file final_30.csv (CSV, C-alpha atoms and all ligand atoms)
chain,number,residue,atom,x,y,z
A,832,MET,CA,-8.6,50.7,2.3
A,833,ASN,CA,-12.1,49.4,1.7
A,834,THR,CA,-13.8,48.9,5.0
A,835,ILE,CA,-17.1,48.2,6.6
A,836,SER,CA,-18.0,51.9,6.0
A,837,SER,CA,-17.8,51.2,2.3
A,838,VAL,CA,-20.3,48.4,2.7
A,839,THR,CA,-22.6,50.4,4.8
A,840,SER,CA,-22.4,53.6,2.8
A,841,HIS,CA,-24.9,52.2,0.4
A,842,THR,CA,-26.9,50.1,2.8
A,843,PRO,CA,-28.3,50.4,6.3
A,844,SER,CA,-25.8,49.1,8.9
A,845,ARG,CA,-26.3,45.5,9.8
A,846,THR,CA,-25.2,43.5,12.8
A,847,GLY,CA,-22.6,40.7,12.4
A,848,ILE,CA,-25.3,38.1,12.9
A,849,GLU,CA,-27.4,39.6,10.1
A,850,TYR,CA,-24.4,39.7,7.7
A,851,ILE,CA,-23.6,36.1,8.5
A,852,ALA,CA,-27.3,35.1,7.9
A,853,TYR,CA,-27.1,37.0,4.6
A,854,LEU,CA,-23.9,35.3,3.5
A,855,LEU,CA,-25.2,31.8,4.4
A,856,ARG,CA,-28.3,32.3,2.3
A,857,HIS,CA,-26.1,33.6,-0.6
A,858,ALA,CA,-24.0,30.5,-0.2
A,859,ILE,CA,-26.9,28.2,-0.5
A,860,GLU,CA,-28.4,30.0,-3.4
A,861,ASN,CA,-25.1,29.7,-5.3
A,862,GLN,CA,-24.0,26.3,-4.1
A,863,TYR,CA,-21.0,27.8,-2.3
A,864,ALA,CA,-19.4,26.2,0.8
A,865,VAL,CA,-19.1,28.1,4.1
A,866,ALA,CA,-16.8,27.8,7.1
A,867,VAL,CA,-17.3,30.0,10.2
A,868,TRP,CA,-15.0,29.7,13.2
A,869,ARG,CA,-13.7,31.3,16.4
A,870,LEU,CA,-10.3,30.2,17.7
A,871,PRO,CA,-9.8,29.4,21.4
A,872,ASN,CA,-9.2,32.4,23.6
A,873,ASP,CA,-10.0,34.8,20.7
A,874,SER,CA,-12.8,37.3,20.2
A,875,VAL,CA,-12.7,37.4,16.5
A,876,CYS,CA,-15.0,35.2,14.3
A,877,HIS,CA,-14.0,34.4,10.7
A,878,LEU,CA,-16.2,33.5,7.8
A,879,ILE,CA,-15.1,32.2,4.4
A,880,LEU,CA,-17.1,31.4,1.3
A,881,SER,CA,-15.8,28.9,-1.3
A,882,ARG,CA,-17.1,28.7,-4.8
A,883,LYS,CA,-15.5,25.2,-5.3
A,884,LEU,CA,-14.3,22.7,-2.8
A,885,GLN,CA,-10.9,21.0,-3.3
A,886,ARG,CA,-10.0,17.4,-2.5
A,887,LEU,CA,-6.6,17.2,-1.0
A,888,SER,CA,-4.2,14.4,-2.0
A,889,PRO,CA,-2.8,12.4,1.0
A,890,ASP,CA,0.6,14.1,0.5
A,891,ALA,CA,-0.7,17.6,0.1
A,892,THR,CA,1.3,20.1,2.2
A,893,LEU,CA,-0.8,22.5,4.1
A,894,GLU,CA,2.0,25.1,4.2
A,895,GLU,CA,1.6,25.5,0.4
A,896,LEU,CA,-2.2,26.0,0.3
A,897,PRO,CA,-3.9,29.3,0.0
A,898,THR,CA,-5.9,30.7,2.9
A,899,GLY,CA,-8.8,28.4,3.6
A,900,PHE,CA,-10.3,25.8,5.9
A,901,LEU,CA,-9.5,22.1,6.2
A,902,PHE,CA,-12.4,19.6,6.8
A,903,ALA,CA,-11.3,16.0,7.0
A,904,PRO,CA,-13.2,12.8,7.8
A,905,PHE,CA,-12.3,10.3,10.5
A,906,GLN,CA,-11.5,7.7,7.9
A,907,LYS,CA,-8.0,8.4,6.5
A,908,SER,CA,-8.9,6.5,3.3
A,909,ARG,CA,-11.5,9.2,2.4
A,910,ASP,CA,-10.8,12.5,0.8
A,911,ARG,CA,-9.8,15.5,2.9
A,912,ILE,CA,-11.8,18.6,1.8
A,913,PHE,CA,-10.3,22.0,1.6
A,914,LEU,CA,-12.4,25.2,1.4
A,915,PRO,CA,-10.4,27.9,-0.3
A,916,ALA,CA,-11.3,31.4,1.0
A,917,ASP,CA,-12.8,33.0,-2.2
A,918,PHE,CA,-14.4,35.5,0.1
A,919,LYS,CA,-13.3,36.2,3.7
A,920,PHE,CA,-14.8,38.4,6.5
A,921,THR,CA,-14.1,38.9,10.1
A,922,PHE,CA,-16.5,39.8,12.9
A,923,ALA,CA,-15.8,41.1,16.4
A,924,GLY,CA,-18.0,42.7,19.1
A,925,GLY,CA,-21.1,41.7,17.1
A,926,ASN,CA,-20.0,43.7,14.0
A,927,LEU,CA,-18.4,43.1,10.6
A,928,GLN,CA,-14.8,44.3,10.9
A,929,PRO,CA,-12.9,46.6,8.5
A,930,ALA,CA,-11.0,44.7,5.8
A,931,ALA,CA,-7.5,44.0,7.1
A,932,THR,CA,-6.0,42.3,4.0
A,933,PRO,CA,-6.3,42.8,0.2
A,934,ALA,CA,-8.4,39.6,0.0
A,935,GLU,CA,-10.8,41.0,2.6
A,936,THR,CA,-11.0,44.3,0.8
A,937,GLN,CA,-12.1,42.5,-2.4
A,938,SER,CA,-14.6,40.5,-0.3
A,939,HIS,CA,-16.1,43.7,1.1
A,940,THR,CA,-16.4,45.2,-2.4
A,941,TRP,CA,-18.1,42.0,-3.6
A,942,LEU,CA,-20.5,42.0,-0.6
A,943,GLN,CA,-21.4,45.6,-1.3
A,944,GLU,CA,-22.3,44.6,-4.9
A,945,GLN,CA,-24.4,41.7,-3.7
A,946,LEU,CA,-26.3,43.9,-1.2
A,947,LYS,CA,-27.2,46.3,-4.0
A,948,HIS,CA,-28.7,43.5,-6.2
A,949,THR,CA,-30.2,41.5,-3.4
A,950,PRO,CA,-30.9,43.7,-0.3
A,951,TYR,CA,-30.8,42.1,3.1
A,952,THR,CA,-34.2,40.8,4.4
A,953,PRO,CA,-34.7,39.2,7.8
A,954,HIS,CA,-35.0,35.5,7.7
A,955,ARG,CA,-34.0,32.4,9.7
A,956,PRO,CA,-30.4,31.4,8.5
A,957,ALA,CA,-30.4,28.5,6.2
A,958,CYS,CA,-27.7,25.8,5.7
A,959,TYR,CA,-27.2,22.6,3.8
A,960,THR,CA,-28.8,19.6,5.4
A,961,VAL,CA,-29.0,15.9,4.8
A,962,PRO,CA,-31.4,13.3,6.4
A,963,PRO,CA,-30.1,11.3,9.4
A,964,THR,CA,-29.5,7.6,9.0
A,965,GLY,CA,-30.4,5.2,11.8
A,966,GLN,CA,-29.9,5.6,15.5
A,967,GLU,CA,-27.5,4.1,17.9
A,968,ASN,CA,-29.0,2.9,21.1
A,969,GLU,CA,-27.7,2.7,24.6
A,970,THR,CA,-27.8,-1.1,24.9
A,971,SER,CA,-25.6,-1.6,21.9
A,972,TYR,CA,-23.0,1.0,23.2
A,973,ALA,CA,-22.7,-0.9,26.5
A,974,GLU,CA,-22.3,-4.1,24.4
A,975,LEU,CA,-19.6,-2.4,22.3
A,976,VAL,CA,-17.6,-1.4,25.4
A,977,ARG,CA,-17.9,-5.0,26.7
A,978,LYS,CA,-16.6,-6.3,23.4
A,979,ALA,CA,-13.7,-3.8,23.5
A,980,VAL,CA,-12.7,-4.8,27.0
A,981,ALA,CA,-12.8,-8.5,26.0
A,982,GLU,CA,-10.6,-7.7,23.0
A,983,ILE,CA,-8.1,-5.8,25.2
A,984,GLU,CA,-8.0,-8.7,27.7
A,985,ARG,CA,-7.3,-11.0,24.7
A,986,GLY,CA,-4.3,-8.7,23.9
A,987,SER,CA,-5.5,-7.3,20.6
A,988,PHE,CA,-4.8,-3.7,21.6
A,989,GLU,CA,-4.3,-1.6,24.8
A,990,LYS,CA,-6.9,1.1,24.2
A,991,VAL,CA,-9.8,1.8,21.8
A,992,VAL,CA,-12.3,4.7,21.6
A,993,PRO,CA,-15.7,3.4,20.7
A,994,SER,CA,-18.3,6.1,20.0
A,995,ARG,CA,-22.0,6.5,19.5
A,996,ARG,CA,-24.4,9.1,18.2
A,997,LYS,CA,-27.7,10.4,19.4
A,998,ILE,CA,-30.4,12.0,17.2
A,999,VAL,CA,-32.3,14.8,18.9
A,1000,ASP,CA,-35.1,17.1,17.8
A,1001,LEU,CA,-34.2,20.7,17.2
A,1002,PRO,CA,-36.3,23.3,19.0
A,1003,GLU,CA,-38.7,25.0,16.6
A,1004,SER,CA,-36.8,28.3,17.2
A,1005,PHE,CA,-33.4,26.8,16.3
A,1006,ASP,CA,-31.2,29.3,14.5
A,1007,VAL,CA,-27.7,28.1,13.4
A,1008,VAL,CA,-26.1,31.6,13.6
A,1009,GLN,CA,-27.5,32.1,17.1
A,1010,ALA,CA,-26.3,28.6,18.0
A,1011,PHE,CA,-22.7,29.5,16.9
A,1012,HIS,CA,-22.9,32.7,18.9
A,1013,THR,CA,-24.2,30.8,22.0
A,1014,LEU,CA,-21.3,28.2,21.8
A,1015,SER,CA,-18.8,31.0,21.3
A,1016,ASN,CA,-19.9,32.6,24.5
A,1017,ALA,CA,-20.2,29.4,26.5
A,1018,TYR,CA,-16.9,27.9,25.4
A,1019,PRO,CA,-14.1,30.6,25.2
A,1020,HIS,CA,-11.3,28.0,25.3
A,1021,ALA,CA,-12.7,25.8,22.4
A,1022,LEU,CA,-12.5,26.1,18.6
A,1023,VAL,CA,-16.1,26.9,17.8
A,1024,SER,CA,-16.9,26.0,14.2
A,1025,PHE,CA,-19.6,25.7,11.7
A,1026,VAL,CA,-19.0,24.1,8.3
A,1027,SER,CA,-21.7,23.8,5.7
A,1028,THR,CA,-21.1,22.4,2.2
A,1029,PRO,CA,-23.4,20.8,-0.4
A,1030,GLU,CA,-21.4,17.5,0.0
A,1031,THR,CA,-21.0,17.2,3.7
A,1032,GLY,CA,-24.1,18.9,5.1
A,1033,SER,CA,-23.7,21.2,8.1
A,1034,TRP,CA,-21.5,20.5,11.1
A,1035,LEU,CA,-21.4,22.7,14.3
A,1036,GLY,CA,-19.1,22.1,17.2
A,1037,ALA,CA,-16.9,23.3,20.1
A,1038,THR,CA,-13.8,21.2,20.3
A,1039,PRO,CA,-11.1,21.4,23.0
A,1040,GLU,CA,-8.5,19.3,21.2
A,1041,THR,CA,-5.7,20.9,19.1
A,1042,LEU,CA,-4.2,18.4,16.7
A,1043,VAL,CA,-1.7,20.5,14.9
A,1044,HIS,CA,-0.9,24.2,15.4
A,1045,VAL,CA,1.9,25.9,13.4
A,1046,HIS,CA,2.6,29.4,14.3
A,1047,ASP,CA,4.4,31.7,11.9
A,1048,ARG,CA,6.1,28.8,10.2
A,1049,THR,CA,8.3,28.4,13.3
A,1050,LEU,CA,6.5,26.9,16.2
A,1051,PHE,CA,4.8,23.5,16.1
A,1052,LYS,CA,2.3,22.5,18.8
A,1053,THR,CA,0.2,19.4,19.6
A,1054,VAL,CA,-1.5,17.9,22.6
A,1055,ALA,CA,-2.2,14.6,24.2
A,1056,LEU,CA,-5.7,14.8,25.6
A,1057,ALA,CA,-7.7,12.1,27.5
A,1058,GLY,CA,-9.5,11.3,30.8
A,1059,THR,CA,-12.8,12.9,31.4
A,1060,GLN,CA,-14.8,14.1,34.4
A,1061,ARG,CA,-17.6,16.6,35.0
A,1062,PHE,CA,-16.3,20.1,35.8
A,1063,VAL,CA,-18.0,21.7,38.8
A,1064,PRO,CA,-17.6,25.5,38.3
A,1065,GLY,CA,-15.4,26.9,41.1
A,1066,THR,CA,-13.3,23.8,41.5
A,1067,ASP,CA,-9.6,24.4,42.2
A,1068,LEU,CA,-8.0,22.5,39.3
A,1069,LYS,CA,-5.0,21.7,41.6
A,1070,THR,CA,-7.2,19.6,43.8
A,1071,VAL,CA,-8.7,17.4,41.0
A,1072,ALA,CA,-7.9,13.7,41.4
A,1073,TRP,CA,-7.7,11.2,38.5
A,1074,THR,CA,-8.0,7.5,38.7
A,1075,GLN,CA,-5.3,5.1,37.6
A,1076,LYS,CA,-7.4,4.2,34.6
A,1077,GLU,CA,-7.6,7.8,33.4
A,1078,ILE,CA,-3.9,8.4,34.0
A,1079,GLU,CA,-3.0,5.4,31.9
A,1080,GLU,CA,-5.5,6.3,29.2
A,1081,GLN,CA,-3.9,9.8,28.8
A,1082,ALA,CA,-0.4,8.3,29.0
A,1083,LEU,CA,-1.3,6.1,26.0
A,1084,VAL,CA,-2.1,9.2,24.0
A,1085,GLU,CA,1.2,10.7,25.1
A,1086,ARG,CA,3.0,7.6,24.0
A,1087,TYR,CA,1.2,7.7,20.7
A,1088,VAL,CA,2.3,11.4,20.0
A,1089,ILE,CA,5.9,10.5,21.0
A,1090,SER,CA,5.8,7.5,18.6
A,1091,CYS,CA,4.9,9.9,15.8
A,1092,PHE,CA,7.9,12.1,16.6
A,1093,LYS,CA,10.1,9.0,16.6
A,1094,LYS,CA,8.9,7.9,13.2
A,1095,ILE,CA,10.4,11.1,11.7
A,1096,ARG,CA,13.4,11.2,14.1
A,1097,VAL,CA,12.4,14.4,15.9
A,1098,ARG,CA,13.8,14.3,19.3
A,1099,GLU,CA,13.9,18.0,20.1
A,1100,TYR,CA,10.4,18.4,21.4
A,1101,ASP,CA,9.4,20.0,24.7
A,1102,GLU,CA,6.7,18.2,26.7
A,1103,TYR,CA,4.7,19.9,29.5
A,1104,GLY,CA,2.2,18.1,31.6
A,1105,PRO,CA,-0.1,16.3,32.0
A,1106,LYS,CA,-2.2,18.9,33.8
A,1107,THR,CA,-5.9,19.2,34.4
A,1108,VAL,CA,-7.7,21.5,31.9
A,1109,VAL,CA,-11.3,22.7,31.6
A,1110,ALA,CA,-13.1,21.9,28.4
A,1111,GLY,CA,-16.5,23.5,28.8
A,1112,ASN,CA,-18.6,21.3,31.1
A,1113,LEU,CA,-15.8,18.8,31.4
A,1114,LEU,CA,-12.2,18.3,32.7
A,1115,HIS,CA,-9.5,16.5,30.8
A,1116,LEU,CA,-5.8,15.6,31.4
A,1117,ARG,CA,-3.6,17.3,28.8
A,1118,SER,CA,0.1,17.3,27.9
A,1119,ASP,CA,1.4,20.0,25.6
A,1120,PHE,CA,4.2,19.3,23.0
A,1121,THR,CA,6.1,22.1,21.3
A,1122,VAL,CA,8.9,22.0,18.6
A,1123,ASP,CA,11.0,24.9,17.4
A,1124,MET,CA,10.7,24.2,13.6
A,1125,LYS,CA,13.4,26.7,12.7
A,1126,GLU,CA,15.9,25.1,15.1
A,1127,ILE,CA,15.4,21.6,13.5
A,1128,ASN,CA,15.0,23.0,10.0
A,1129,PHE,CA,11.7,21.2,9.4
A,1130,PRO,CA,9.4,23.7,7.6
A,1131,GLN,CA,6.7,21.1,6.8
A,1132,LEU,CA,6.6,19.5,10.2
A,1133,GLY,CA,2.9,20.6,10.5
A,1134,SER,CA,1.7,18.6,7.4
A,1135,VAL,CA,3.9,15.6,8.2
A,1136,MET,CA,2.8,15.4,11.8
A,1137,LEU,CA,-0.9,15.8,10.8
A,1138,GLN,CA,-0.6,12.8,8.6
A,1139,LEU,CA,1.1,10.8,11.3
A,1140,LEU,CA,-1.1,11.9,14.2
A,1141,HIS,CA,-4.5,11.5,12.8
A,1142,PRO,CA,-6.4,9.6,14.1
A,1143,THR,CA,-4.7,9.8,17.5
A,1144,SER,CA,-5.4,7.4,20.3
A,1145,ALA,CA,-7.7,10.0,21.8
A,1146,VAL,CA,-10.2,9.1,19.1
A,1147,CYS,CA,-9.2,5.7,17.7
A,1148,GLY,CA,-6.8,3.6,19.9
A,1149,MET,CA,-3.4,2.1,20.5
A,1150,PRO,CA,-1.9,0.4,18.6
A,1151,LEU,CA,-3.7,2.2,15.8
A,1152,GLU,CA,-4.3,-0.6,13.2
A,1153,PRO,CA,-6.0,-3.2,15.4
A,1154,ALA,CA,-8.0,-0.6,17.2
A,1155,SER,CA,-9.2,1.0,14.0
A,1156,ALA,CA,-10.1,-2.5,12.6
A,1157,PHE,CA,-12.2,-3.2,15.7
A,1158,LEU,CA,-14.1,0.1,15.3
A,1159,GLN,CA,-14.7,-0.6,11.6
A,1160,ARG,CA,-16.1,-4.0,12.5
A,1161,HIS,CA,-18.1,-3.3,15.6
A,1162,GLU,CA,-19.0,0.4,15.9
A,1163,GLY,CA,-22.0,0.0,13.6
A,1164,TYR,CA,-22.3,3.5,12.1
A,1165,ASP,CA,-20.3,5.9,9.9
A,1166,ARG,CA,-18.5,8.6,11.9
A,1167,GLU,CA,-18.2,10.7,8.8
A,1168,PHE,CA,-16.5,14.0,10.1
A,1169,TYR,CA,-16.9,13.3,13.8
A,1170,ALA,CA,-13.3,12.6,15.2
A,1171,GLY,CA,-11.9,13.9,11.8
A,1172,CYS,CA,-10.0,17.1,11.8
A,1173,LEU,CA,-10.8,20.6,10.9
A,1174,GLY,CA,-9.5,24.2,11.1
A,1175,PRO,CA,-8.1,27.3,9.4
A,1176,VAL,CA,-5.1,27.0,7.1
A,1177,ASN,CA,-2.8,29.9,6.4
A,1178,VAL,CA,-5.0,32.5,8.0
A,1179,GLY,CA,-2.8,35.2,9.5
A,1180,ASN,CA,0.3,33.1,9.3
A,1181,ASP,CA,-1.1,30.2,11.3
A,1182,ILE,CA,-2.3,26.7,10.6
A,1183,HIS,CA,-4.7,25.6,13.4
A,1184,ILE,CA,-6.1,22.1,13.0
A,1185,PHE,CA,-8.3,20.6,15.7
A,1186,VAL,CA,-9.9,17.2,16.3
A,1187,ASN,CA,-13.6,17.4,15.4
A,1188,LEU,CA,-15.1,16.5,18.9
A,1189,ARG,CA,-18.2,17.8,20.7
A,1190,CYS,CA,-19.9,18.3,17.4
A,1191,LEU,CA,-23.2,17.7,15.7
A,1192,LYS,CA,-24.6,17.4,12.2
A,1193,LEU,CA,-27.7,19.2,11.3
A,1194,HIS,CA,-30.8,17.7,9.5
A,1195,ASP,CA,-34.1,19.3,8.8
A,1196,GLY,CA,-35.6,19.7,12.3
A,1197,LYS,CA,-33.1,17.3,13.9
A,1198,ALA,CA,-29.4,17.0,14.8
A,1199,THR,CA,-27.0,14.0,15.3
A,1200,LEU,CA,-24.7,14.4,18.3
A,1201,TYR,CA,-21.5,12.3,18.6
A,1202,ALA,CA,-19.4,11.2,21.5
A,1203,GLY,CA,-16.8,8.6,22.3
A,1204,ALA,CA,-15.0,7.4,25.4
A,1205,GLY,CA,-11.5,5.9,25.8
A,1206,VAL,CA,-11.8,2.2,26.8
A,1207,THR,CA,-8.9,0.4,28.6
A,1208,VAL,CA,-8.8,-2.9,30.5
A,1209,ASP,CA,-10.3,-1.1,33.5
A,1210,SER,CA,-13.4,0.3,31.8
A,1211,THR,CA,-16.9,-0.6,32.7
A,1212,PRO,CA,-19.8,-0.2,30.2
A,1213,GLU,CA,-21.8,1.9,32.7
A,1214,ASN,CA,-19.1,4.4,33.2
A,1215,GLU,CA,-18.2,4.8,29.5
A,1216,LEU,CA,-21.9,5.1,28.6
A,1217,ALA,CA,-22.3,7.8,31.3
A,1218,GLU,CA,-19.2,9.6,29.9
A,1219,THR,CA,-20.7,9.8,26.5
A,1220,GLU,CA,-23.8,11.3,28.0
A,1221,ILE,CA,-21.9,14.1,29.7
A,1222,LYS,CA,-20.0,14.7,26.4
A,1223,PHE,CA,-23.4,15.1,24.6
A,1224,GLN,CA,-24.3,17.7,27.3
A,1225,THR,CA,-21.5,20.0,26.0
A,1226,LEU,CA,-23.7,20.9,23.1
A,1227,ARG,CA,-27.1,19.9,24.4
A,1228,LYS,CA,-27.1,22.1,27.4
A,1229,PRO,CA,-26.3,25.5,25.8
A,1230,LEU,CA,-28.2,24.8,22.6
A,1231,PHE,CA,-31.3,22.9,23.5
A,1232,ASP,CA,-31.6,23.2,27.2
A,1233,GLN,CA,-30.8,25.9,29.8
A,1234,PRO,CA,-27.6,28.0,29.5
A,1235,VAL,CA,-24.4,26.5,31.0
A,1301,LIG,C1,-13.7,10.9,21.9
A,1301,LIG,C2,-14.0,12.0,22.6
A,1301,LIG,O1,-13.1,12.6,23.5
A,1301,LIG,C3,-11.7,12.2,23.5
A,1301,LIG,C4,-11.0,13.4,24.0
A,1301,LIG,C5,-10.8,13.7,25.3
A,1301,LIG,C6,-11.1,12.7,26.3
A,1301,LIG,C7,-11.6,11.4,25.9
A,1301,LIG,C8,-11.9,10.4,26.9
A,1301,LIG,O2,-11.8,10.7,28.1
A,1301,LIG,O3,-12.3,9.3,26.6
A,1301,LIG,C9,-11.6,11.0,24.5
A,1301,LIG,O4,-10.4,10.4,24.2
A,1301,LIG,C10,-15.3,12.7,22.4
A,1301,LIG,O5,-15.5,13.8,23.0
A,1301,LIG,O6,-16.1,12.2,21.6

call {"tool": "encode", "arguments": {"input": "final_30.csv", "output": "structure tokens", "more": "lines below"}}
Ligand SMILES: C=C(O[C@H]1C=CC=C(C(=O)O)[C@@H]1O)C(=O)O
result
Amino acid sequence: MNTISSVTSHTPSRTGIEYIAYLLRHAIENQYAVAVWRLPNDSVCHLILSRKLQRLSPDATLEELPTGFLFAPFQKSRDRIFLPADFKFTFAGGNLQPAATPAETQSHTWLQEQLKHTPYTPHRPACYTVPPTGQENETSYAELVRKAVAEIERGSFEKVVPSRRKIVDLPESFDVVQAFHTLSNAYPHALVSFVSTPETGSWLGATPETLVHVHDRTLFKTVALAGTQRFVPGTDLKTVAWTQKEIEEQALVERYVISCFKKIRVREYDEYGPKTVVAGNLLHLRSDFTVDMKEINFPQLGSVMLQLLHPTSAVCGMPLEPASAFLQRHEGYDREFYAGCLGPVNVGNDIHIFVNLRCLKLHDGKATLYAGAGVTVDSTPENELAETEIKFQTLRKPLFDQPV
């Protein structure tokens, strides 16, 4: 088996961070796309390089794709992007890990060749960036929430999730690989991801929300997540109280998930919750759904449910169409990949797709942060605005401020 020792036998040993920085630069020089991720409650970080992105058709089945990474925008009418794993590496404990699959063995051999031709030199990691466009301001977000409540009172929909963005200056010393590392340490229960492609620019995030998880082609999982409050470390989760507004907001997401199961006549799901969960600096209410796919003989449930669920009423609204039309008309900016979905496909027998929340997009010297809040008839503009501010803190605090 070709392992790290074969990479290092011709070159000085490098840290995982140095290898990642080297691979990012190689990607940019060759117009390759990159995805780096660390799954929740896992210590292993994965990196793939793609020579060419694929655009997935709406009916593409994830189960039939090769190993890779899905990156899909919020707008369903736009193309979902798939990064096939032309090269794949894993890192743990700060080091590149021995190749565990034939594909990784080939990747190690390739890396060894690259290092011979272009030896490693220390440098700040580079990634694809695009300029920011415009800036949302606080007054208009409060106005947006007011309009949303008025529309709910008029009976157009029950819930909508308006969002906003904030453009911040990056510190002089900002280093994207270090930032990924910082988020991985700060948020062990999140999917921490970094996606950088010539088409999409670079996106970094730490999301708490699973959209579709298929384990070993047998077990399907999804969640209904909503309701937000600040987490004070040390709080006993059993003592956390939720308002009627938050309970209803989460119940609407639950109903949305169940309505998707109903559309395909799946009745054999287990539902657990809602319970209070920690998501970094925040608390949410979450219900977990599981389906035994073998038992109901539905091998493509993951792909089918992904199409039905996205965008859930945790990021869009309920009913979907009028809420989505409201956001299109009034939100006033392009969400692009915020509140879209992303994650590894067919890596080690799992498909693990998350909602792209608590994320930012990188520009030269700046970053755009994104956050939304679920609005129901009981919402106030002040509270929802404050909620988006604490959601911004999920990334701001560890990356640009003091550690969490
Ligand atoms: C839309 C976001 O969060 C969603 C997920 C959990 C709780 C939410 C809420 O309480 O509003 C949102 O529905 C976001 O983080 O930008």

call {"tool": "residues_around", "arguments": {"input": "final_30.csv", "residues": "segment 1004-1017 of chain A", "least_positions_apart": "5", "cutoff": "10 Å", "atoms": "all atoms listed in the file", "output": "VMD selection string"}}
result
chain A and resid 847 to 849 851 to 852 855 867 to 874 876 925 954 to 958 1022 to 1025 1033 1035 to 1037 1111 to 1112 1193 1196 to 1197 1225 to 1226 1229 to 1231 1234 to 1235

call {"tool": "residues_near_ligand", "arguments": {"input": "final_30.csv", "ligand": "ligand LIG 1301 (chain A)", "cutoff": "9 Å", "atoms": "all atoms listed in the file", "output": "short mmCIF file (atom, residue, chain, number, x, y, z; two decimals) with C-alpha atoms, in the frame of the given file"}}
result
data_model
loop_
_atom_site.label_atom_id
_atom_site.label_comp_id
_atom_site.auth_asym_id
_atom_site.auth_seq_id
_atom_site.Cartn_x
_atom_site.Cartn_y
_atom_site.Cartn_z
CA VAL A 991 -9.80 1.80 21.80
CA VAL A 992 -12.30 4.70 21.60
CA PRO A 993 -15.70 3.40 20.70
CA SER A 994 -18.30 6.10 20.00
CA ARG A 995 -22.00 6.50 19.50
CA THR A 1038 -13.80 21.20 20.30
CA PRO A 1039 -11.10 21.40 23.00
CA GLU A 1040 -8.50 19.30 21.20
CA ALA A 1055 -2.20 14.60 24.20
CA LEU A 1056 -5.70 14.80 25.60
CA ALA A 1057 -7.70 12.10 27.50
CA GLY A 1058 -9.50 11.30 30.80
CA THR A 1059 -12.80 12.90 31.40
CA GLN A 1060 -14.80 14.10 34.40
CA GLU A 1077 -7.60 7.80 33.40
CA GLU A 1080 -5.50 6.30 29.20
CA GLN A 1081 -3.90 9.80 28.80
CA VAL A 1084 -2.10 9.20 24.00
CA LEU A 1114 -12.20 18.30 32.70
CA HIS A 1115 -9.50 16.50 30.80
CA LEU A 1116 -5.80 15.60 31.40
CA ARG A 1117 -3.60 17.30 28.80
CA THR A 1143 -4.70 9.80 17.50
CA SER A 1144 -5.40 7.40 20.30
CA ALA A 1145 -7.70 10.00 21.80
CA VAL A 1146 -10.20 9.10 19.10
CA CYS A 1147 -9.20 5.70 17.70
CA GLY A 1148 -6.80 3.60 19.90
CA TYR A 1169 -16.90 13.30 13.80
CA ALA A 1170 -13.30 12.60 15.20
CA VAL A 1186 -9.90 17.20 16.30
CA ASN A 1187 -13.60 17.40 15.40
CA LEU A 1188 -15.10 16.50 18.90
CA ARG A 1189 -18.20 17.80 20.70
CA CYS A 1190 -19.90 18.30 17.40
CA TYR A 1201 -21.50 12.30 18.60
CA ALA A 1202 -19.40 11.20 21.50
CA GLY A 1203 -16.80 8.60 22.30
CA ALA A 1204 -15.00 7.40 25.40
CA GLY A 1205 -11.50 5.90 25.80
CA VAL A 1206 -11.80 2.20 26.80
CA GLU A 1215 -18.20 4.80 29.50
CA GLU A 1218 -19.20 9.60 29.90
CA THR A 1219 -20.70 9.80 26.50
CA LYS A 1222 -20.00 14.70 26.40
CA PHE A 1223 -23.40 15.10 24.60
#

call {"tool": "closest_residue", "arguments": {"input": "final_30.csv", "among": "A:Pro897, A:Pro1019, A:Pro889, A:Pro1029", "to": "Leu1139 of chain A", "atoms": "only C-alpha atoms"}}
result
A:Pro889

call {"tool": "atom_distance", "arguments": {"input": "final_30.csv", "atom1": "atom CA of Thr921 of chain A", "atom2": "atom CA of Gly1179 of chain A"}}
result
11.9 Å

call {"tool": "closest_residue", "arguments": {"input": "final_30.csv", "among": "A:Gly1133, A:Pro1002, A:Gly986, A:Gly1163", "to": "Val1176 of chain A", "atoms": "only C-alpha atoms"}}
result
A:Gly1133

call {"tool": "residues_around", "arguments": {"input": "final_30.csv", "residues": "Arg909 of chain A", "least_positions_apart": "5", "cutoff": "12 Å", "atoms": "all atoms listed in the file", "output": "ChimeraX atom specification"}}
result
/A:886-889,902-904,1166-1168,1171

call {"tool": "write_last_selection", "arguments": {"input": "final_30.csv", "atoms": "C-alpha atoms", "output": "compact mmCIF listing (two decimals), keeping the file's coordinate frame"}}
result
# COMPACT_ATOMS: atom_id res chain seq x y z
CA ARG A 886 -10.00 17.40 -2.50
CA LEU A 887 -6.60 17.20 -1.00
CA SER A 888 -4.20 14.40 -2.00
CA PRO A 889 -2.80 12.40 1.00
CA PHE A 902 -12.40 19.60 6.80
CA ALA A 903 -11.30 16.00 7.00
CA PRO A 904 -13.20 12.80 7.80
CA ARG A 1166 -18.50 8.60 11.90
CA GLU A 1167 -18.20 10.70 8.80
CA PHE A 1168 -16.50 14.00 10.10
CA GLY A 1171 -11.90 13.90 11.80

call {"tool": "closest_residue", "arguments": {"input": "final_30.csv", "among": "A:Ser971, A:Ser987, A:Thr1066, A:Gln1131", "to": "Phe1157 of chain A", "atoms": "all atoms listed in the file"}}
result
A:Ser987

call {"tool": "closest_residue", "arguments": {"input": "final_30.csv", "among": "A:Phe1120, A:Tyr959, A:Phe988, A:Phe1092", "to": "Ser1155 of chain A", "atoms": "only C-alpha atoms"}}
result
A:Phe988

call {"tool": "atom_distance", "arguments": {"input": "final_30.csv", "atom1": "atom CA of Asn926 of chain A", "atom2": "atom CA of Arg845 of chain A"}}
result
7.8 Å
